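Data first, discussion second: the structure below is written as structure tokens.
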Amino acid sequence: GLGLVFCALSAMSAPTAATEYVIDTKGGHASINFRVQHLGYSWLTGRFDTFSGAFRYDEKNPSASGISVTIDTTSVNSNHAERDKHLRGADFLDVASFPQATFVSKSVSADGNGKAVIAGDFTMRGITKPVAITASYIGGGADPWGGFRHGFTGKTELALSDFGIVRELGPAAKTVELEFHVEGVRK
């Protein structure tokens, strides 16, 4: 839950100038999407409907920022019920054994122009691997409800076999692309 997320965030070696934000999943202002090639003929796209997380962001020193996200893998949604049932099964996400996937950042390398590489640990199916997310700052400011927000987008690519997924979907389907859209509300 969010308690674990904030514990992970506070354990990051970042100066205390960074402000904490909760990812706005309640308002639907965030998404985690994926796409993978199907047999090399088309792209299979989908999303995870349920996830939570938080991030720390320091406008003056973006490299002091960090993020932690927990994904409910049972919420996979490819807009096809039978396929989703298969994706939840042992061939793919194995949600009965591993109902969550997580990402916890270790470092943020910002370029000073709104772009950054977020390096961290991604855990899926009980396997943790280092990944790098290419991120872009979208914008931030006051919202109409008296809060303050910042938004980002990010992409990464995962080798399915790194996480124990060996089911063949064709030679072009060795990797899955993940795309994150994150809007956070200042705590």
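Residue numbering restarts at 1 for every chain of the structure tokens, chains are lettered A, B, ... in their displayed order, and ligands are numbered from 1 as they appear.
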
Segment 42-139 of chain A: residues DSSP assigns to alpha helix (DSSP H), reported as number ranges by chain: A: 81-88

Go ahead and write the selection's residues with N, CA and C atoms as a compact mmCIF listing (two decimals), in the first residue's frame.
# COMPACT_ATOMS: atom_id res chain seq x y z
N ALA A 81 -11.58 -10.44 -22.68
CA ALA A 81 -11.68 -11.20 -21.42
C ALA A 81 -10.93 -12.52 -21.44
N GLU A 82 -11.03 -13.29 -22.51
CA GLU A 82 -10.34 -14.59 -22.57
C GLU A 82 -8.84 -14.41 -22.60
N ARG A 83 -8.36 -13.43 -23.36
CA ARG A 83 -6.92 -13.17 -23.41
C ARG A 83 -6.43 -12.70 -22.03
N ASP A 84 -7.21 -11.84 -21.36
CA ASP A 84 -6.82 -11.36 -20.04
C ASP A 84 -6.71 -12.51 -19.04
N LYS A 85 -7.63 -13.47 -19.15
CA LYS A 85 -7.57 -14.66 -18.29
C LYS A 85 -6.25 -15.41 -18.54
N HIS A 86 -5.84 -15.53 -19.81
CA HIS A 86 -4.58 -16.19 -20.15
C HIS A 86 -3.40 -15.37 -19.64
N LEU A 87 -3.45 -14.04 -19.79
CA LEU A 87 -2.36 -13.17 -19.31
C LEU A 87 -2.19 -13.27 -17.80
N ARG A 88 -3.29 -13.51 -17.07
CA ARG A 88 -3.21 -13.65 -15.62
C ARG A 88 -2.65 -15.01 -15.20

Considering only C-alpha atoms, tabulate each residue of segment 115-143 of chain A that lies at most 10 Å from segment 96-100 of chain A along with its nearest interatomic pair and the corresponding distance in Å to one decimal; arrange the rows by chain and ascending residue number and present them as CSV.
residue,atom,partner,partner_atom,distance
A:Thr123,CA,A:Gln100,CA,8.4
A:Met124,CA,A:Gln100,CA,7.1
A:Arg125,CA,A:Phe98,CA,5.3
A:Gly126,CA,A:Phe98,CA,6.5
A:Ile127,CA,A:Phe98,CA,9.9

query: Any idea what's packed within 12 Å of Val22 of chain A, counting only C-alpha atoms, ignoring anything in its chain fewer than 4 positions away? Could you give it as a PyMOL selection string?
result: chain A and resi 1-3+5-6+9+26-27+29-30+51-57+67-69+147-151+182-187

- request: Would you list the contacts of Ser107 of chain A as a ChimeraX atom specification, taking every protein, DNA or RNA residue within 8 Å and counting only C-alpha atoms, but skipping same-chain residues closer than 5 positions in sequence?
  value: /A:63-66,118-120

- prompt: Which value, in Å to one decimal, gives the distance between atom CA of Asp72 of chain A and atom CA of Ser136 of chain A?
  reply: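 Computing it gives 24.3 Å between the two atoms.
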
Cut-off 10 Å: closest segment 68-114 of chain A/segment 166-169 of chain A atom pairs per residue, using only C-alpha atoms, as JSON lines:
{"residue": "A:Ala90", "atom": "CA", "partner": "A:Arg167", "partner_atom": "CA", "distance": 9.8}
{"residue": "A:Asp91", "atom": "CA", "partner": "A:Arg167", "partner_atom": "CA", "distance": 6.0}
{"residue": "A:Phe92", "atom": "CA", "partner": "A:Arg167", "partner_atom": "CA", "distance": 7.2}

Written file, previous selection with all heavy atoms, as a tab-separated table (two decimals), in the first residue's frame:
chain	number	residue	atom	x	y	z
A	90	ALA	N	-0.37	-18.78	-15.47
A	90	ALA	CA	1.03	-19.14	-15.22
A	90	ALA	C	1.94	-18.88	-16.42
A	90	ALA	O	3.14	-18.66	-16.25
A	90	ALA	CB	1.11	-20.61	-14.81
A	91	ASP	N	1.40	-18.90	-17.65
A	91	ASP	CA	2.23	-18.64	-18.83
A	91	ASP	C	2.78	-17.21	-18.85
A	91	ASP	O	3.81	-16.95	-19.45
A	91	ASP	CB	1.42	-18.82	-20.13
A	91	ASP	CG	1.20	-20.28	-20.48
A	91	ASP	OD1	1.88	-21.15	-19.91
A	91	ASP	OD2	0.34	-20.54	-21.35
A	92	PHE	N	2.06	-16.29	-18.22
A	92	PHE	CA	2.45	-14.88	-18.31
A	92	PHE	C	2.63	-14.27	-16.92
A	92	PHE	O	3.67	-14.44	-16.31
A	92	PHE	CB	1.44	-14.10	-19.17
A	92	PHE	CG	1.45	-14.55	-20.61
A	92	PHE	CD1	0.45	-15.37	-21.10
A	92	PHE	CD2	2.48	-14.17	-21.45
A	92	PHE	CE1	0.47	-15.81	-22.42
A	92	PHE	CE2	2.53	-14.60	-22.77
A	92	PHE	CZ	1.51	-15.41	-23.26

message: Report as a list in words all protein, DNA and RNA residues lying within 7 Å of His181 of chain A, evaluated on only C-alpha atoms, omitting residues in the same chain fewer than 3 positions from it.
response: Ala30, Ser31, Ile32, Phe152, Thr153 and Gly154 of chain A

Dump all heavy atoms for the selected residues as a short mmCIF file (atom, residue, chain, number, x, y, z; two decimals), in the first residue's frame?
data_model
loop_
_atom_site.label_atom_id
_atom_site.label_comp_id
_atom_site.auth_asym_id
_atom_site.auth_seq_id
_atom_site.Cartn_x
_atom_site.Cartn_y
_atom_site.Cartn_z
N ALA A 30 -3.69 9.16 -14.20
CA ALA A 30 -2.47 8.38 -14.34
C ALA A 30 -2.82 7.08 -15.06
O ALA A 30 -3.95 6.61 -14.96
CB ALA A 30 -1.86 8.09 -12.97
N SER A 31 -1.86 6.52 -15.78
CA SER A 31 -2.10 5.23 -16.43
C SER A 31 -0.78 4.50 -16.63
O SER A 31 0.28 5.12 -16.74
CB SER A 31 -2.81 5.41 -17.78
OG SER A 31 -2.00 6.12 -18.70
N ILE A 32 -0.88 3.18 -16.64
CA ILE A 32 0.25 2.32 -16.98
C ILE A 32 -0.23 1.45 -18.13
O ILE A 32 -1.15 0.65 -17.99
CB ILE A 32 0.69 1.45 -15.79
CG1 ILE A 32 1.16 2.35 -14.64
CG2 ILE A 32 1.80 0.49 -16.23
CD1 ILE A 32 1.53 1.59 -13.38
N PHE A 152 4.29 13.74 -15.33
CA PHE A 152 5.41 13.18 -16.07
C PHE A 152 4.93 12.04 -16.96
O PHE A 152 3.87 11.45 -16.73
CB PHE A 152 6.45 12.60 -15.10
CG PHE A 152 6.97 13.59 -14.11
CD1 PHE A 152 6.29 13.82 -12.92
CD2 PHE A 152 8.12 14.32 -14.38
CE1 PHE A 152 6.75 14.76 -12.00
CE2 PHE A 152 8.59 15.24 -13.47
CZ PHE A 152 7.91 15.47 -12.28
N THR A 153 5.72 11.71 -17.94
CA THR A 153 5.49 10.52 -18.75
C THR A 153 6.80 9.76 -18.84
O THR A 153 7.88 10.35 -18.74
CB THR A 153 4.94 10.89 -20.14
OG1 THR A 153 4.57 9.69 -20.83
CG2 THR A 153 5.95 11.66 -20.97
N GLY A 154 6.72 8.44 -19.00
CA GLY A 154 7.94 7.64 -19.08
C GLY A 154 7.72 6.38 -19.87
O GLY A 154 6.58 5.89 -19.98
#

- prompt: Nearest to Leu178 of chain A: which of A:Thr128, A:Ser105, A:Thr134, A:Thr70 is it, counting only C-alpha atoms?
  reply: A:Thr134

Do you know which residues are at most 8 Å from Pro62 of chain A counting only C-alpha atoms, after dropping those on the same chain fewer than 6 positions away, and could you put them as an mmCIF file with all heavy atoms, in the first residue's frame?
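Okay, out-v3.cif is ready:
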data_model
loop_
_atom_site.group_PDB
_atom_site.id
_atom_site.type_symbol
_atom_site.label_atom_id
_atom_site.label_comp_id
_atom_site.auth_asym_id
_atom_site.auth_seq_id
_atom_site.Cartn_x
_atom_site.Cartn_y
_atom_site.Cartn_z
ATOM 1 N N VAL A 108 17.923 9.253 -10.323
ATOM 2 C CA VAL A 108 17.325 10.028 -11.406
ATOM 3 C C VAL A 108 18.436 10.874 -12.011
ATOM 4 O O VAL A 108 19.079 11.657 -11.319
ATOM 5 C CB VAL A 108 16.182 10.934 -10.894
ATOM 6 C CG1 VAL A 108 15.643 11.803 -12.022
ATOM 7 C CG2 VAL A 108 15.062 10.092 -10.290
ATOM 8 N N SER A 109 18.681 10.675 -13.300
ATOM 9 C CA SER A 109 19.689 11.465 -14.017
ATOM 10 C C SER A 109 18.951 12.444 -14.921
ATOM 11 O O SER A 109 18.482 12.077 -15.994
ATOM 12 C CB SER A 109 20.596 10.556 -14.849
ATOM 13 O OG SER A 109 21.228 9.606 -14.017
ATOM 14 N N ALA A 110 18.840 13.694 -14.458
ATOM 15 C CA ALA A 110 18.103 14.726 -15.191
ATOM 16 C C ALA A 110 19.052 15.506 -16.095
ATOM 17 O O ALA A 110 20.207 15.746 -15.740
ATOM 18 C CB ALA A 110 17.413 15.663 -14.214
ATOM 19 N N GLY A 112 18.339 18.637 -17.229
ATOM 20 C CA GLY A 112 18.136 20.066 -17.078
ATOM 21 C C GLY A 112 17.138 20.656 -18.054
ATOM 22 O O GLY A 112 16.811 21.837 -17.988
#

query: Between A:Ala116, A:Ala18, A:Val76, A:Leu44, which one has atoms that come closest to Ile138 of chain A, using only C-alpha atoms?
result: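 Looking at the shortest contact to Ile138 of chain A, the residue is A:Ala116.
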
Pick from A:Phe103, A:Thr175, A:Thr25, A:Val95 nearest to Ser161 of chain A, counting only C-alpha atoms: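 The shortest atom-to-atom distance to Ser161 of chain A comes from A:Thr175.
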
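For Val36 of chain A, the set of protein, DNA and RNA residues having any atom at most 8 Å away, when counting only C-alpha atoms and skipping those fewer than 2 positions along the same chain, is Phe34, His38, Trp43, Leu44, Thr45, Ala173, Thr175, Val176 and Glu177 of chain A.
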
Could you dump the residues just selected with N, CA, C and O atoms as a PDB file, in the first residue's frame?
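Listing of part09.pdb after writing:
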ATOM      1  N   PHE A  34       0.758  -0.936 -21.782  1.00  0.00           N
ATOM      2  CA  PHE A  34       1.789  -1.802 -22.358  1.00  0.00           C
ATOM      3  C   PHE A  34       1.444  -2.124 -23.796  1.00  0.00           C
ATOM      4  O   PHE A  34       0.292  -1.989 -24.233  1.00  0.00           O
ATOM      5  N   HIS A  38       2.332  -9.083 -31.563  1.00  0.00           N
ATOM      6  CA  HIS A  38       1.654 -10.371 -31.651  1.00  0.00           C
ATOM      7  C   HIS A  38       2.027 -11.026 -32.965  1.00  0.00           C
ATOM      8  O   HIS A  38       1.631 -10.547 -34.032  1.00  0.00           O
ATOM      9  N   TRP A  43       0.348  -4.973 -33.064  1.00  0.00           N
ATOM     10  CA  TRP A  43       0.641  -4.658 -31.670  1.00  0.00           C
ATOM     11  C   TRP A  43      -0.558  -5.024 -30.817  1.00  0.00           C
ATOM     12  O   TRP A  43      -1.684  -4.638 -31.117  1.00  0.00           O
ATOM     13  N   LEU A  44      -0.305  -5.778 -29.742  1.00  0.00           N
ATOM     14  CA  LEU A  44      -1.299  -6.046 -28.714  1.00  0.00           C
ATOM     15  C   LEU A  44      -1.092  -4.973 -27.653  1.00  0.00           C
ATOM     16  O   LEU A  44       0.016  -4.812 -27.140  1.00  0.00           O
ATOM     17  N   THR A  45      -2.135  -4.213 -27.356  1.00  0.00           N
ATOM     18  CA  THR A  45      -2.018  -3.142 -26.372  1.00  0.00           C
ATOM     19  C   THR A  45      -2.928  -3.410 -25.195  1.00  0.00           C
ATOM     20  O   THR A  45      -3.920  -4.144 -25.299  1.00  0.00           O
ATOM     21  N   ALA A 173       8.179 -10.700 -30.390  1.00  0.00           N
ATOM     22  CA  ALA A 173       7.529 -10.467 -29.101  1.00  0.00           C
ATOM     23  C   ALA A 173       8.412 -10.862 -27.916  1.00  0.00           C
ATOM     24  O   ALA A 173       7.942 -11.368 -26.915  1.00  0.00           O
ATOM     25  N   THR A 175      10.101  -8.684 -26.185  1.00  0.00           N
ATOM     26  CA  THR A 175      10.066  -7.579 -25.229  1.00  0.00           C
ATOM     27  C   THR A 175       8.661  -6.980 -25.172  1.00  0.00           C
ATOM     28  O   THR A 175       7.873  -7.120 -26.106  1.00  0.00           O
ATOM     29  N   VAL A 176       8.389  -6.324 -24.055  1.00  0.00           N
ATOM     30  CA  VAL A 176       7.144  -5.574 -23.892  1.00  0.00           C
ATOM     31  C   VAL A 176       7.519  -4.136 -23.575  1.00  0.00           C
ATOM     32  O   VAL A 176       8.468  -3.877 -22.836  1.00  0.00           O
ATOM     33  N   GLU A 177       6.808  -3.212 -24.193  1.00  0.00           N
ATOM     34  CA  GLU A 177       7.025  -1.794 -23.919  1.00  0.00           C
ATOM     35  C   GLU A 177       6.023  -1.352 -22.859  1.00  0.00           C
ATOM     36  O   GLU A 177       4.834  -1.649 -22.962  1.00  0.00           O
TER      37      GLU A 177
END

task: Within segment 45-186 of chain A, find each residue whose DSSP state, derived from the backbone, is strand (DSSP E), and express the selection as a PyMOL selection string.
output: chain A and resi 45-48+51-57+66-72+76-77+100-110+115-124+127-142+148-159+175-186
